[in-house]
Amino acid sequence: MSLAPLDAATLYGLMGAILVGLGLYGVVLLGGFLRRLLAFNLLGGGVFILFGVIARRGAGAGFSGDPVPQALVITGIVVAFCATALAITLIERLAEDDGDDASGGGS
Amino acid sequence: MGLILDGGIALLTIGIAAWTIRAADDFAAVVGFVAYGLILTLAWTRLGAYDVALTEAAIGGGATGVILMRAGARVKPAPAARASKRARILVGALSAAVAAGLAAIVLLPPEPAPSLALEVREHLASTGLGNPIGGVLMAYRAADTFLETVVVLLALFGVWSLGRDAHWGGRPGPAPRAGEGGALPLFARVLVPAGIVIGIYIVWVGADAPGGKFQGATILAAMAILAGMAGLVEAPATSGRRLRWLLSAGPIVFVGIGLAGIPLAGAFLAYPPGFEKPLILVIEVALTVSLAAMLALIVAGPPERAK
């Protein structure tokens, strides 16, 4: 094993690592569900970027990147959106039921 | 020169992420997150992953941003419960350790870099597609893509289930205020037709160039949401039979063709030789319609009024 060259993939890889760290910190420490959910999505963005770096380094056969991790990330982004949407709706419903007035739901 | 640009994008992304974590109020954090999604899109284009960049812009930043804004406006900010200094140091150290571990993996990559690009190139011609990512999604990993559409549908069921009992089967969102003038209805009338054409184009071109059904369906869903926000169309009753068929058409067509592959091509989700491209096209069209409806309804939220 040798040190990776300083190129775009390495730079974005380091960025992805830092984003995962930042997101993790937020998920554990932030107060409020919405903020934790945001932090969780920041973490997810970092993980996806790491996949992108692996794809970039696997470039070959005339492709700008290995298409398999890229396709996995596309699937991942859609699934992350679904989970986020469900979580947000849960948070909204919780806020609606917690509040002393029921008018917050806009119903 | 390129490296300076990449470094700038990377620093900006980290800065926005840190700001989103530290922002004083929830709405500011949501705005920060939307900006994060857009700047990540730039990073994806710099990594040469244009299909992913489109998805990140449409779904990761756009659609997620819209729902987050909805929540940011409705959810009262949580009372700031600041963690103790000890907890912050401990969690900070743990997070830094995870980041350092990942950085080490990035800096010491295996040689040669693992890649399936050659295999994809070798078999791509047999799918009749020119876009390798489309080939992976629709042929080599079709089971993933199928389950993914089911996940979207399940998420929609989950969102619907979170409405109040009295509103089950009703329409999502507040009732449109008819007859309201202003710029939004005009904007929607001008943009929606163009947006529909662009959405369909993104789906169609996805066979050979960056694009695809998820990205195109998100644009179509955005147009439906815009038309709804402008009061041009009313959100459908979620109990509607036609709506439910529309939602399930994509997964049904996909699983139907997949099951037909067992006798005809020897495996679930295998396409009989010679019919790959037309079958993939049929699946993509059905999925686009269903996905656009699912995504628009997920963003619209649970039913909030009777039908």
# chains A, B, ... in the order shown; residues from 1 in each chain; ligands from 1

call {"tool": "closest_atom_pairs", "arguments": {"of": "chain B", "to": "chain A", "cutoff": "6 Å", "atoms": "only C-alpha atoms", "output": "JSON lines"}}
result
{"residue": "B:Ala10", "atom": "CA", "partner": "A:Met15", "partner_atom": "CA", "distance": 5.8}
{"residue": "B:Gly48", "atom": "CA", "partner": "A:Ser64", "partner_atom": "CA", "distance": 5.7}
{"residue": "B:Val52", "atom": "CA", "partner": "A:Ile74", "partner_atom": "CA", "distance": 5.8}
{"residue": "B:Val75", "atom": "CA", "partner": "A:Ala95", "partner_atom": "CA", "distance": 5.9}
{"residue": "B:Ala78", "atom": "CA", "partner": "A:Gly32", "partner_atom": "CA", "distance": 5.1}
{"residue": "B:Ala81", "atom": "CA", "partner": "A:Gly31", "partner_atom": "CA", "distance": 5.9}
{"residue": "B:Ser95", "atom": "CA", "partner": "A:Gly21", "partner_atom": "CA", "distance": 4.6}
{"residue": "B:Ala96", "atom": "CA", "partner": "A:Gly21", "partner_atom": "CA", "distance": 5.7}
{"residue": "B:Ala99", "atom": "CA", "partner": "A:Ala17", "partner_atom": "CA", "distance": 4.7}
{"residue": "B:Leu102", "atom": "CA", "partner": "A:Ala17", "partner_atom": "CA", "distance": 5.3}
{"residue": "B:Ala103", "atom": "CA", "partner": "A:Leu14", "partner_atom": "CA", "distance": 5.4}
{"residue": "B:Val106", "atom": "CA", "partner": "A:Gly13", "partner_atom": "CA", "distance": 5.8}
{"residue": "B:Leu107", "atom": "CA", "partner": "A:Ala4", "partner_atom": "CA", "distance": 5.1}
{"residue": "B:Leu108", "atom": "CA", "partner": "A:Leu3", "partner_atom": "CA", "distance": 5.2}
{"residue": "B:Ala113", "atom": "CA", "partner": "A:Gly58", "partner_atom": "CA", "distance": 5.6}
{"residue": "B:Pro114", "atom": "CA", "partner": "A:Gly58", "partner_atom": "CA", "distance": 6.0}
{"residue": "B:Ser115", "atom": "CA", "partner": "A:Gly58", "partner_atom": "CA", "distance": 4.6}
{"residue": "B:Ala117", "atom": "CA", "partner": "A:Asp66", "partner_atom": "CA", "distance": 4.8}
{"residue": "B:Leu118", "atom": "CA", "partner": "A:Ala61", "partner_atom": "CA", "distance": 5.4}
{"residue": "B:Ile133", "atom": "CA", "partner": "A:Pro67", "partner_atom": "CA", "distance": 5.2}
{"residue": "B:Val152", "atom": "CA", "partner": "A:Cys82", "partner_atom": "CA", "distance": 5.9}
{"residue": "B:Ala155", "atom": "CA", "partner": "A:Cys82", "partner_atom": "CA", "distance": 5.6}
{"residue": "B:Val159", "atom": "CA", "partner": "A:Leu86", "partner_atom": "CA", "distance": 5.7}
{"residue": "B:Glu304", "atom": "CA", "partner": "A:Ser107", "partner_atom": "CA", "distance": 5.4}

call {"tool": "select_by_dssp", "arguments": {"residues": "range 219-282 of chain B", "states": "helix (DSSP H, G or I)", "output": "ChimeraX atom specification"}}
result
/B:219-229,241-265,276-282

call {"tool": "residues_around", "arguments": {"residues": "Gly61 in chain B", "least_positions_apart": "5", "cutoff": "9 Å", "atoms": "only C-alpha atoms", "output": "MDAnalysis selection string"}}
result
chainID B and resid 33:38 40:41 55:56 66

call {"tool": "atom_distance", "arguments": {"atom1": "CA of Ile14 in chain B", "atom2": "CA of Val299 in chain B"}}
result
27.5 Å

call {"tool": "atom_distance", "arguments": {"atom1": "CA of Ala71 in chain B", "atom2": "CA of Asp165 in chain B"}}
result
20.5 Å

call {"tool": "residues_around", "arguments": {"residues": "Trp160 in chain B", "least_positions_apart": "2", "cutoff": "8 Å", "atoms": "only C-alpha atoms", "output": "PDB file with C-alpha atoms, in the first residue's frame"}}
result
ATOM      1  CA  LEU B 156     -45.779   6.856   1.148  1.00  0.00           C
ATOM      2  CA  PHE B 157     -47.979   4.406   3.096  1.00  0.00           C
ATOM      3  CA  GLY B 158     -46.078   5.397   6.232  1.00  0.00           C
ATOM      4  CA  LEU B 162     -49.441   9.435  10.152  1.00  0.00           C
ATOM      5  CA  GLY B 163     -52.482  11.542   9.326  1.00  0.00           C
ATOM      6  CA  TRP B 168     -57.858   8.882   6.339  1.00  0.00           C
ATOM      7  CA  GLY B 301     -47.625  14.837   3.285  1.00  0.00           C
ATOM      8  CA  PRO B 302     -50.382  12.997   5.141  1.00  0.00           C
ATOM      9  CA  PRO B 303     -54.063  13.701   4.468  1.00  0.00           C
TER      10      PRO B 303
END

call {"tool": "atom_distance", "arguments": {"atom1": "CA of Glu119 in chain B", "atom2": "CA of Gly135 in chain B"}}
result
11.5 Å

call {"tool": "residues_around", "arguments": {"residues": "Gly199 in chain B", "least_positions_apart": "4", "cutoff": "10 Å", "atoms": "only C-alpha atoms", "output": "PyMOL selection string"}}
result
chain B and resi 193-195+203-204+211-223+288+292

call {"tool": "residues_around", "arguments": {"residues": "range 227-239 of chain B", "least_positions_apart": "5", "cutoff": "12 Å", "atoms": "only C-alpha atoms", "output": "NGL selection string"}}
result
:B and (66 or 156-157 or 159-161 or 163 or 167-193 or 195-196 or 220-222 or 244-247 or 293-294 or 296-307)

call {"tool": "write_last_selection", "arguments": {"atoms": "C-alpha atoms", "output": "compact mmCIF listing (two decimals), in the first residue's frame"}}
result
# COMPACT_ATOMS: atom_id res chain seq x y z
CA VAL B 66 -39.05 21.06 0.34
CA LEU B 156 -45.78 6.86 1.15
CA PHE B 157 -47.98 4.41 3.10
CA VAL B 159 -46.63 9.09 5.56
CA TRP B 160 -50.34 8.53 4.93
CA SER B 161 -50.66 6.47 8.10
CA GLY B 163 -52.48 11.54 9.33
CA HIS B 167 -58.73 12.39 7.57
CA TRP B 168 -57.86 8.88 6.34
CA GLY B 169 -58.36 8.75 2.60
CA GLY B 170 -58.66 12.52 2.43
CA ARG B 171 -56.60 15.10 0.62
CA PRO B 172 -53.14 16.23 1.76
CA GLY B 173 -52.29 19.84 2.51
CA PRO B 174 -54.45 22.86 3.16
CA ALA B 175 -57.31 23.59 0.77
CA PRO B 176 -56.20 25.75 -2.17
CA ARG B 177 -57.32 29.34 -1.96
CA ALA B 178 -59.00 29.75 -5.32
CA GLY B 179 -59.02 32.98 -7.23
CA GLU B 180 -55.85 34.23 -5.63
CA GLY B 181 -53.81 36.26 -8.06
CA GLY B 182 -50.15 37.01 -7.80
CA ALA B 183 -47.02 35.76 -9.42
CA LEU B 184 -47.14 32.08 -8.40
CA PRO B 185 -50.05 30.94 -10.63
CA LEU B 186 -48.51 32.74 -13.61
CA PHE B 187 -45.09 31.31 -12.82
CA ALA B 188 -46.59 27.82 -12.56
CA ARG B 189 -48.44 28.19 -15.86
CA VAL B 190 -45.21 29.16 -17.62
CA LEU B 191 -42.85 26.72 -15.90
CA VAL B 192 -44.94 23.55 -15.54
CA PRO B 193 -45.31 22.74 -19.28
CA GLY B 195 -40.75 21.28 -16.70
CA ILE B 196 -42.86 18.34 -17.87
CA LEU B 220 -42.30 15.69 -12.86
CA ALA B 221 -43.24 15.47 -9.18
CA ALA B 222 -41.85 18.97 -8.61
CA ARG B 244 -53.82 3.88 -6.21
CA TRP B 245 -53.55 2.07 -9.54
CA LEU B 246 -51.31 4.85 -10.79
CA LEU B 247 -49.05 4.39 -7.76
CA ALA B 293 -46.91 10.29 -8.24
CA MET B 294 -45.28 8.69 -5.17
CA ALA B 296 -45.23 14.24 -5.20
CA LEU B 297 -47.56 12.66 -2.62
CA ILE B 298 -44.71 12.03 -0.15
CA VAL B 299 -43.82 15.72 -0.35
CA ALA B 300 -47.50 16.68 -0.04
CA GLY B 301 -47.62 14.84 3.28
CA PRO B 302 -50.38 13.00 5.14
CA PRO B 303 -54.06 13.70 4.47
CA GLU B 304 -55.17 16.77 6.41
CA ARG B 305 -58.78 17.25 5.38
CA ALA B 306 -61.73 15.10 4.42
CA LYS B 307 -62.15 14.17 0.77

call {"tool": "closest_residue", "arguments": {"among": "B:Ile89, B:Ala143, B:Ala24, B:Leu124", "to": "Ala270 in chain B", "atoms": "only C-alpha atoms"}}
result
B:Ala143
